[in-house]
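Below is the file model-v4.cif, which contains mmCIF, C-alpha atoms.
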data_my_file
loop_
_atom_site.label_atom_id
_atom_site.label_comp_id
_atom_site.auth_asym_id
_atom_site.auth_seq_id
_atom_site.Cartn_x
_atom_site.Cartn_y
_atom_site.Cartn_z
CA MET A 1 -1.36 37.53 -98.95
CA THR A 2 -2.34 38.87 -95.53
CA THR A 3 -5.62 37.66 -94.04
CA ASP A 4 -7.27 37.61 -90.64
CA ARG A 5 -8.13 33.90 -90.61
CA PHE A 6 -6.94 31.56 -87.90
CA PRO A 7 -4.38 28.99 -89.12
CA ASP A 8 -5.69 25.59 -90.17
CA LEU A 9 -4.15 23.26 -87.60
CA ALA A 10 -5.66 20.18 -89.24
CA ARG A 11 -3.40 20.46 -92.28
CA ALA A 12 -0.39 18.17 -92.50
CA GLY A 13 3.09 19.48 -91.88
CA THR A 14 5.18 20.96 -89.10
CA ALA A 15 4.22 23.96 -86.97
CA VAL A 16 6.83 26.16 -85.31
CA ILE A 17 5.23 27.94 -82.36
CA GLY A 18 6.99 30.42 -80.12
CA THR A 19 6.25 33.21 -77.67
CA ARG A 20 8.28 36.27 -76.82
CA TYR A 21 7.91 39.30 -74.58
CA VAL A 22 8.10 42.66 -76.35
CA LYS A 23 8.33 45.02 -73.36
CA GLY A 24 4.77 46.11 -72.99
CA ALA A 25 1.35 45.86 -74.61
CA ASP A 26 1.89 49.08 -76.57
CA ARG A 27 4.85 47.51 -78.39
CA ARG A 28 3.12 44.32 -79.51
CA GLN A 29 1.58 45.66 -82.70
CA PRO A 30 4.74 47.46 -83.92
CA ALA A 31 6.74 44.28 -83.26
CA ILE A 32 4.23 42.19 -85.20
CA ASP A 33 4.08 44.68 -88.07
CA ALA A 34 7.87 44.62 -88.37
CA GLU A 35 7.93 40.82 -88.54
CA VAL A 36 5.08 40.71 -91.07
CA GLN A 37 6.96 43.15 -93.29
CA ALA A 38 10.22 41.22 -92.96
CA VAL A 39 8.57 37.95 -93.98
CA ASP A 40 6.40 39.50 -96.70
CA CYS A 41 9.20 41.46 -98.36
CA ALA A 42 11.64 38.56 -98.71
CA PRO A 43 11.35 35.53 -101.00
CA PRO A 44 9.61 32.84 -98.93
CA PRO A 45 11.77 29.88 -97.92
CA PRO A 46 10.85 26.67 -99.75
CA GLY A 47 8.12 24.84 -97.89
CA LEU A 48 6.84 27.73 -95.78
CA ASP A 49 3.04 27.85 -96.13
CA ALA A 50 1.84 30.51 -93.68
CA VAL A 51 2.71 32.52 -90.59
CA SER A 52 0.23 33.79 -87.98
CA TRP A 53 0.77 36.31 -85.19
CA PHE A 54 -1.24 36.56 -81.97
CA ALA A 55 -1.14 39.10 -79.13
CA SER A 56 -1.70 38.12 -75.51
CA THR A 57 -4.86 39.47 -73.91
CA ASP A 58 -3.13 40.42 -70.66
CA GLY A 59 0.35 41.72 -71.39
CA GLY A 60 3.15 42.35 -73.83
CA THR A 61 3.65 38.89 -75.27
CA VAL A 62 3.45 37.80 -78.91
CA LEU A 63 2.82 34.25 -80.11
CA SER A 64 3.77 33.27 -83.66
CA LEU A 65 2.91 30.11 -85.57
CA ALA A 66 4.80 29.25 -88.75
CA GLN A 67 3.42 26.36 -90.81
CA TRP A 68 5.84 24.32 -92.91
CA GLU A 69 4.80 21.69 -95.42
CA SER A 70 7.01 19.06 -93.74
CA THR A 71 9.62 18.51 -91.06
CA ALA A 72 12.21 18.06 -93.82
CA THR A 73 11.64 21.54 -95.28
CA TYR A 74 11.77 23.12 -91.83
CA ASP A 75 14.95 21.23 -90.92
CA ALA A 76 16.56 22.33 -94.19
CA PHE A 77 15.71 25.96 -93.42
CA VAL A 78 17.32 25.75 -89.99
CA ARG A 79 20.30 23.81 -91.30
CA ASP A 80 20.92 26.52 -93.90
CA GLY A 81 21.06 29.21 -91.24
CA GLY A 82 17.43 30.36 -91.26
CA TYR A 83 16.71 33.16 -88.80
CA ALA A 84 14.79 32.68 -85.58
CA ALA A 85 11.36 34.12 -84.70
CA PRO A 86 8.87 33.82 -86.20
CA LEU A 87 10.01 31.07 -88.61
CA ALA A 88 12.32 29.01 -86.44
CA GLY A 89 12.76 28.18 -82.81
CA PRO A 90 12.96 24.48 -82.15
CA PRO A 91 11.24 22.25 -81.59
CA GLY A 92 8.71 21.96 -84.35
CA TYR A 93 5.31 20.41 -83.65
CA ARG A 94 3.13 17.90 -85.48
CA LEU A 95 -0.58 17.42 -84.95
CA TYR A 96 -1.43 14.36 -82.84
CA HIS A 97 -5.22 14.70 -82.63
CA SER A 98 -7.97 17.26 -83.24
CA LEU A 99 -11.42 17.67 -81.72
CA ALA A 100 -13.69 19.66 -84.02
CA GLU A 101 -17.10 19.33 -85.62
CA ARG A 102 -16.94 18.54 -89.33
CA ASP A 103 -19.41 21.29 -90.24
CA GLU A 104 -18.08 23.90 -87.78
CA ALA A 105 -18.46 27.37 -89.31
CA ARG A 106 -18.00 29.71 -86.34
CA VAL A 107 -15.11 32.17 -86.50
CA PRO A 108 -12.73 31.93 -83.53
CA GLY A 109 -12.29 35.07 -81.47
CA CYS A 110 -9.77 33.74 -78.98
CA LEU A 111 -6.90 31.23 -78.90
CA VAL A 112 -6.06 29.50 -75.61
CA THR A 113 -2.80 27.58 -75.23
CA ALA A 114 -1.26 25.36 -72.57
CA ALA A 115 2.31 24.08 -73.03
CA PHE A 116 3.88 21.15 -71.19
CA ASP A 117 7.34 19.66 -70.86
CA VAL A 118 7.12 15.85 -70.85
CA ASP A 119 9.49 12.99 -70.26
CA GLY A 120 9.72 11.56 -73.76
CA PRO A 121 7.50 10.37 -76.63
CA GLU A 122 5.64 7.70 -74.63
CA ARG A 123 4.68 10.30 -72.04
CA GLN A 124 3.53 12.59 -74.86
CA ARG A 125 1.10 9.92 -76.03
CA SER A 126 -0.16 8.71 -72.65
CA PHE A 127 -0.70 12.22 -71.30
CA THR A 128 -2.53 13.40 -74.40
CA ASP A 129 -4.67 10.26 -74.50
CA ALA A 130 -5.67 10.86 -70.86
CA VAL A 131 -6.69 14.44 -71.61
CA LEU A 132 -8.68 13.27 -74.64
CA ALA A 133 -10.44 10.58 -72.62
CA ALA A 134 -11.52 13.23 -70.09
CA GLN A 135 -13.36 15.32 -72.67
CA PRO A 136 -17.17 15.35 -72.22
CA GLU A 137 -19.05 13.04 -74.56
CA GLU A 138 -21.91 15.48 -75.04
CA GLY A 139 -19.73 18.41 -75.98
CA GLY A 140 -18.29 21.12 -73.80
CA HIS A 141 -19.00 24.79 -73.30
CA PRO A 142 -20.94 26.33 -76.22
CA GLY A 143 -18.13 28.82 -76.74
CA ALA A 144 -15.56 26.08 -77.41
CA ILE A 145 -14.93 25.64 -81.15
CA SER A 146 -12.06 23.18 -81.46
CA ALA A 147 -9.06 21.67 -79.70
CA HIS A 148 -5.80 20.54 -81.26
CA PHE A 149 -3.15 18.46 -79.50
CA LEU A 150 0.37 18.97 -80.87
CA HIS A 151 3.50 16.95 -80.10
CA SER A 152 7.00 18.30 -80.53
CA THR A 153 9.06 16.34 -83.01
CA ASP A 154 11.81 15.80 -80.42
CA GLY A 155 9.44 14.12 -77.95
CA SER A 156 9.88 16.73 -75.22
CA ARG A 157 6.69 18.82 -75.32
CA VAL A 158 2.91 18.82 -75.73
CA LEU A 159 0.95 21.88 -76.75
CA LEU A 160 -2.81 22.13 -76.27
CA TYR A 161 -4.21 24.68 -78.76
CA THR A 162 -7.90 25.52 -78.39
CA GLU A 163 -10.12 27.92 -80.32
CA TRP A 164 -12.98 29.78 -78.62
CA THR A 165 -15.64 32.19 -79.77
CA SER A 166 -14.36 34.86 -77.39
CA VAL A 167 -12.18 35.56 -74.37
CA GLU A 168 -15.35 35.92 -72.33
CA ALA A 169 -16.55 32.43 -73.31
CA HIS A 170 -13.30 30.87 -72.09
CA GLN A 171 -13.42 32.87 -68.85
CA GLU A 172 -16.99 31.71 -68.29
CA ALA A 173 -16.00 28.05 -68.80
CA ALA A 174 -13.07 28.40 -66.42
CA GLU A 175 -15.20 30.04 -63.72
CA ALA A 176 -17.85 27.32 -64.07
CA GLY A 177 -15.26 24.61 -63.43
CA ASP A 178 -15.49 23.10 -66.90
CA HIS A 179 -11.71 22.56 -66.97
CA ASP A 180 -11.30 21.11 -63.46
CA GLU A 181 -10.84 17.48 -64.58
CA GLY A 182 -8.33 18.54 -67.20
CA HIS A 183 -6.39 20.64 -64.71
CA ALA A 184 -6.19 17.65 -62.36
CA ILE A 185 -4.57 15.66 -65.17
CA PHE A 186 -2.25 18.58 -65.99
CA SER A 187 -0.98 18.84 -62.42
CA GLY A 188 -1.15 15.21 -61.34
CA THR A 189 0.52 13.29 -64.18
CA PRO A 190 4.09 12.17 -63.39
CA GLY A 191 6.63 13.29 -65.97
CA VAL A 192 4.47 16.21 -67.14
CA ARG A 193 5.13 19.85 -66.21
CA LEU A 194 2.93 22.78 -67.23
CA THR A 195 5.32 25.51 -68.40
CA HIS A 196 3.04 28.29 -69.60
CA GLY A 197 -0.30 29.12 -71.12
CA GLY A 198 -2.30 32.09 -72.23
CA ARG A 199 -5.18 33.67 -74.07
CA TRP A 200 -4.47 35.27 -77.43
CA ARG A 201 -6.16 37.38 -80.11
CA LEU A 202 -5.23 36.95 -83.75
CA CYS A 203 -3.47 39.97 -85.26
CA ARG A 204 -2.24 38.89 -88.70
CA THR A 205 -1.92 35.83 -90.89
CA LEU A 206 0.40 35.81 -93.90
CA ARG A 207 -0.28 33.03 -96.42
CA LEU A 208 2.60 32.30 -98.75
CA THR A 209 1.30 29.45 -100.92
CA GLY A 210 -1.73 31.10 -102.48
CA GLU A 211 -4.21 28.77 -100.73
#

Kindly transcribe the structure held in the file into structure tokens.
Amino acid sequence: MTTDRFPDLARAGTAVIGTRYVKGADRRQPAIDAEVQAVDCAPPPPGLDAVSWFASTDGGTVLSLAQWESTATYDAFVRDGGYAAPLAGPPGYRLYHSLAERDEARVPGCLVTAAFDVDGPERQRSFTDAVLAAQPEEGGHPGAISAHFLHSTDGSRVLLYTEWTSVEAHQEAAEAGDHDEGHAIFSGTPGVRLTHGGRWRLCRTLRLTGE
């Protein structure tokens, strides 16, 4: 079943998240459509719940997020020779912590990501805890909907995944300096290296479990 809903990052399991350049903004949608068809037309691998595709707002990059019910089902898929994007591409991620209002009903219009290489599992935890501690107690920008902190299962990466009402809302927060304290932590923490980030718009979500 194809929908246009953002993935539910709060659900348990393993997320496989990857980005790839598709040689120009005009080729993003055909590339996504081809992957959607390939996944939708084949029997789903055991344990695959959903796959979402996002397009970058400023170039020819695609982000995909495949949600598996557990690390074991994902590992079995890879071990059995499962193909790469969008379903595989180690490492997998597990949710470490989420910031979201319980009764939040707004529909996200923009995904913002920031990915970091880190020096091991302890650095994953200490870095993420520092970023969490820096969040404003009274809430942030009104356009911010939620934030999810994901840790790679191999201990080497942290991914910050945030949902916003719009690209414009995130730009406004950045220009107002709302992220300055976070950026200081990003750039000033030993053993942590920002590798890439971006703004994304949801293109397709394919749900394979009937939920």

Fill in the blank from the handout: Using all atoms listed in the file, the shortest atom-to-atom distance to Val36 in chain A among A:Ser64, A:Ser56, A:Thr19, A:Thr195 belongs to A:Ser64

Report as CSV: every residue of range 33-99 of chain A with an atom at most 12 Å from range 108-114 of chain A, its closest pair of atoms, and their distance in Å to one decimal, counting all atoms listed in the file, with rows sorted by chain and ascending residue number.
residue,atom,partner,partner_atom,distance
A:Ser52,CA,A:Leu111,CA,11.8
A:Trp53,CA,A:Leu111,CA,11.1
A:Phe54,CA,A:Leu111,CA,8.4
A:Ala55,CA,A:Leu111,CA,9.8
A:Ser56,CA,A:Leu111,CA,9.3
A:Thr57,CA,A:Cys110,CA,9.1
A:Leu63,CA,A:Thr113,CA,10.0
A:Ser64,CA,A:Leu111,CA,11.9
A:Leu65,CA,A:Leu111,CA,11.9

Exercise for the section: Any chance you could resolve the PyMOL selection byres ((chain A and resi 166) around 12) against this file and give the residues as a list of chain:residue names? Expected result: A:Thr57, A:Arg106, A:Val107, A:Pro108, A:Gly109, A:Cys110, A:Leu111, A:Val112, A:His141, A:Pro142, A:Gly143, A:Ala144, A:Ile145, A:Thr162, A:Glu163, A:Trp164, A:Thr165, A:Val167, A:Glu168, A:Ala169, A:His170, A:Gln171, A:Glu172, A:Ala173, A:Arg199, A:Trp200, A:Arg201, A:Leu202

Per-residue nearest contacts range 112-206 of chain A to range 83-91 of chain A, cut-off 8 Å, using all atoms listed in the file, as a Markdown table:
| residue | atom | partner | partner_atom | distance |
| --- | --- | --- | --- | --- |
| A:Ser152 | CA | A:Pro91 | CA | 5.9 |
| A:Thr153 | CA | A:Pro91 | CA | 6.5 |
| A:Asp154 | CA | A:Pro91 | CA | 6.6 |

Practice task
Return the single residue from A:Ala133, A:Ser187, A:Glu101, A:Val16 that is closest to His151 in chain A, with distances computed using all atoms listed in the file.
Solution key: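 For His151 in chain A, the nearest of the given residues is A:Val16.
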
Practice task
Would you kindly return, as a list in words, each protein, DNA or RNA residue with an atom no farther than 10 Å from any atom of Ser98 in chain A, considering only C-alpha atoms and excluding same-chain residues fewer than 3 positions away?
Solution key: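 In the requested form, the answer reads Leu9, Ala10, Leu95, Glu101, Leu132, Ser146, Ala147, His148, Phe149, Leu150, Leu160, Tyr161 and Thr162 of chain A.
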
Exercise for the section: Just give me the gap between CA of Val22 in chain A and CA of Thr73 in chain A in Å, one decimal is fine. Expected result: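 Taking CA of Val22 in chain A and CA of Thr73 in chain A, their separation equals 28.6 Å.
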
Closest atom pairs, residues of range 118-171 of chain A within 8 Å of range 182-186 of chain A, only C-alpha atoms, as JSON lines:
{"residue": "A:Ala130", "atom": "CA", "partner": "A:Ile185", "partner_atom": "CA", "distance": 7.5}
{"residue": "A:Val131", "atom": "CA", "partner": "A:Gly182", "partner_atom": "CA", "distance": 6.2}
{"residue": "A:Ala134", "atom": "CA", "partner": "A:Gly182", "partner_atom": "CA", "distance": 6.8}

Exercise for the section: Could you tell me which of A:Ala176, A:Ala12, A:Val51, A:Ala76 comes closest to Glu35 in chain A if we count only C-alpha atoms? Expected result: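 Among the listed residues, A:Val51 lies closest to Glu35 in chain A.
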
Practice task
Would you mind listing what lies within 9 Å of Asp119 in chain A as a ChimeraX atom specification, with all atoms listed in the file counted and same-chain residues fewer than 3 positions away left out?
Solution key: /A:122-124,155-157,190-192

Practice task
Would you work out the distance separating CA of Thr205 in chain A from CA of Gly82 in chain A, expressed in Å to one decimal?
Solution key: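 Pair CA of Thr205 in chain A / CA of Gly82 in chain A returns 20.1 Å.
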
Practice task
Give the answer as one residue: which of A:Ala66, A:Ala115, A:Ala105, A:Ala25 has the shortest atom-to-atom distance to Gly47 in chain A, using all atoms listed in the file?
Solution key: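 Checking each of A:Ala66, A:Ala115, A:Ala105, A:Ala25 against Gly47 in chain A, counting all atoms listed in the file, the winner is A:Ala66.
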
Exercise for the section: Measuring atom to atom with all atoms listed in the file, identify which of A:Asp49, A:Asp26, A:Asp80, A:Glu181 is nearest to Thr61 in chain A. Expected result: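 Among A:Asp49, A:Asp26, A:Asp80, A:Glu181, it is A:Asp26 that comes nearest to Thr61 in chain A.
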
Problem - Best match for closeness to Cys41 in chain A among A:Phe116, A:His196, A:Phe77, A:Leu206, counting all atoms listed in the file - result: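 Selected residue with least distance to Cys41 in chain A: A:Leu206.
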
Exercise for the section: Tell me, in Å to one decimal, how far CA of Gln67 in chain A is from CA of Thr14 in chain A. Expected result: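 Separating CA of Gln67 in chain A from CA of Thr14 in chain A is a distance of 5.9 Å.
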